[in-house]
Amino acid sequence: MILSTYNINGVNGRIEILLKWLKERSPDVVCLQEIKCQDKDFPAKKLKEAGYFAIWQGQKSWNGVAILSKTEIKETKRGLPGDPADDHSRYIEAFIGGLIIGCIYLPNGNPAPGPKFEYKLKWLKRLTAHSKKLLSFGIPTILIGDYNVIPTDLDLYNPDRFRDNALFFPESKKAYKKLLALGWTDAIRTLYPDEIIYTFYDYLRNAFGRNAGLRLDHFLLSPDLSDKLIDGGVDKHVRGWQGASDHCPVWIEIQPTK
DNA sequence: ATGGCTCCCCTTGGGAGA
């Protein structure tokens, strides 16, 4: 079973890129972030024609998340619990093929410090609380998406350039670590303990050409899945396609669950 | 120190991204 994440940076603007990649990788499940469209404008029909069911939480102009699946999707949550005043579309969750899949678009948090950074930290706290609840269900669960957190110095091309960046602030890294400490496994880092792996390349300064990247897109596996992980990787070449998102698609393969 | 790039708004420049 192949699960994937792709911050598409505008699902309608890049629908052809998404369809091309879906055909190539043929993932069973896809978590999309930054769909950047209202619910009524989500390209459900085109995705259905490509063989995918979909659920989505849209929003005008910004954010927005979706889950695609070759098999039926049972939505379990729309929006991250813990703050009724939070009107950003950043979390959607579903039960698919014996798994709970959480699709995450964590706030960027820049400029830091400031209100946006406070929102990010609060969101991370809410995610940690909700993830604890998920673990208590005893169902295999994966929290997939764009965490906007660079976990360690190995996960970016130039640590010194990012000391004042919300993605790399000590509080962000600490909160991510605290989340993992509940029992979650960072799948990509587990598969490649020492390798430099990036999932994002800025449009600016020829970042992709210089391999000046960041690792921001993560799969967190519940404890019962840690020994089911088979393979995974970054579809880096997609970042080189004309008109691509600044993120790469990332995928893992796990043994099917029943 | 700044801007570089790209999306979306329903624009003709601004906000946000990371």
# chains A, B, ... in the order shown; residues from 1 in each chain; ligands from 1
>>> closest_atom_pairs(of="chain A", to="chain B", cutoff="6 Å", atoms="only C-alpha atoms (C1' of nucleotides)", output="Markdown table")
| residue | atom | partner | partner_atom | distance |
| --- | --- | --- | --- | --- |
| A:Ser61 | CA | B:DC8 | C1' | 4.9 |
| A:Tyr203 | CA | B:DC5 | C1' | 4.8 |
| A:Leu204 | CA | B:DC5 | C1' | 5.1 |
| A:Arg205 | CA | B:DG4 | C1' | 5.9 |
>>> write_last_selection(atoms="all heavy atoms", output="PDB file, in the first residue's frame")
ATOM      1  N   SER A  61      -8.606  31.211  -1.459  1.00  0.00           N
ATOM      2  CA  SER A  61      -7.233  31.746  -1.637  1.00  0.00           C
ATOM      3  C   SER A  61      -6.094  30.958  -0.992  1.00  0.00           C
ATOM      4  O   SER A  61      -5.033  30.819  -1.593  1.00  0.00           O
ATOM      5  CB  SER A  61      -7.099  33.177  -1.093  1.00  0.00           C
ATOM      6  OG  SER A  61      -8.025  34.013  -1.691  1.00  0.00           O
ATOM      7  N   TYR A 203      11.315  28.621  -4.760  1.00  0.00           N
ATOM      8  CA  TYR A 203      11.365  29.075  -6.160  1.00  0.00           C
ATOM      9  C   TYR A 203      12.521  30.047  -6.388  1.00  0.00           C
ATOM     10  O   TYR A 203      12.978  30.226  -7.512  1.00  0.00           O
ATOM     11  CB  TYR A 203      10.062  29.799  -6.524  1.00  0.00           C
ATOM     12  CG  TYR A 203       8.856  28.892  -6.652  1.00  0.00           C
ATOM     13  CD1 TYR A 203       7.743  29.074  -5.855  1.00  0.00           C
ATOM     14  CD2 TYR A 203       8.835  27.874  -7.602  1.00  0.00           C
ATOM     15  CE1 TYR A 203       6.627  28.258  -5.975  1.00  0.00           C
ATOM     16  CE2 TYR A 203       7.726  27.052  -7.732  1.00  0.00           C
ATOM     17  CZ  TYR A 203       6.621  27.247  -6.917  1.00  0.00           C
ATOM     18  OH  TYR A 203       5.527  26.437  -7.049  1.00  0.00           O
ATOM     19  N   LEU A 204      12.974  30.674  -5.310  1.00  0.00           N
ATOM     20  CA  LEU A 204      13.962  31.735  -5.426  1.00  0.00           C
ATOM     21  C   LEU A 204      15.388  31.191  -5.498  1.00  0.00           C
ATOM     22  O   LEU A 204      15.673  30.093  -5.030  1.00  0.00           O
ATOM     23  CB  LEU A 204      13.854  32.665  -4.208  1.00  0.00           C
ATOM     24  CG  LEU A 204      12.446  33.151  -3.858  1.00  0.00           C
ATOM     25  CD1 LEU A 204      12.453  33.923  -2.555  1.00  0.00           C
ATOM     26  CD2 LEU A 204      11.882  34.001  -4.964  1.00  0.00           C
ATOM     27  N   ARG A 205      16.236  32.021  -6.067  1.00  0.00           N
ATOM     28  CA  ARG A 205      17.689  31.760  -6.043  1.00  0.00           C
ATOM     29  C   ARG A 205      18.083  30.374  -6.564  1.00  0.00           C
ATOM     30  O   ARG A 205      19.035  29.779  -6.087  1.00  0.00           O
ATOM     31  CB  ARG A 205      18.231  31.921  -4.601  1.00  0.00           C
ATOM     32  CG  ARG A 205      18.083  33.307  -4.037  1.00  0.00           C
ATOM     33  CD  ARG A 205      18.552  33.356  -2.595  1.00  0.00           C
ATOM     34  NE  ARG A 205      17.741  32.545  -1.718  1.00  0.00           N
ATOM     35  CZ  ARG A 205      16.700  32.984  -1.016  1.00  0.00           C
ATOM     36  NH1 ARG A 205      16.356  34.229  -1.070  1.00  0.00           N
ATOM     37  NH2 ARG A 205      16.022  32.174  -0.250  1.00  0.00           N
TER      38      ARG A 205
END
>>> select_by_dssp(residues="region 27-182 of chain A", states="strand (DSSP E or B)", output="number ranges by chain")
A: 29-33, 53-57, 65-69, 74-78, 91-96, 99-105, 141-146, 156
>>> select_by_dssp(residues="region 79-244 of chain A", states="alpha helix (DSSP H)", output="ChimeraX atom specification")
/A:115-136,170-180,187-191
>>> residues_around(residues="region 191-195 of chain A", least_positions_apart="4", cutoff="12 Å", atoms="only C-alpha atoms (C1' of nucleotides)", output="PyMOL selection string")
chain A and resi 152-156+185-187+215+219+226-234+251-254
>>> closest_residue(among="A:Asp87, A:Asp224, A:Glu72, A:Asp160", to="Ile139 (chain A)", atoms="only C-alpha atoms")
A:Asp224
>>> residues_around(residues="Lys125 (chain A)", least_positions_apart="4", cutoff="12 Å", atoms="only C-alpha atoms (C1' of nucleotides)", output="PyMOL selection string")
chain A and resi 80-83+106+118-121+129-132+171-172+174-179
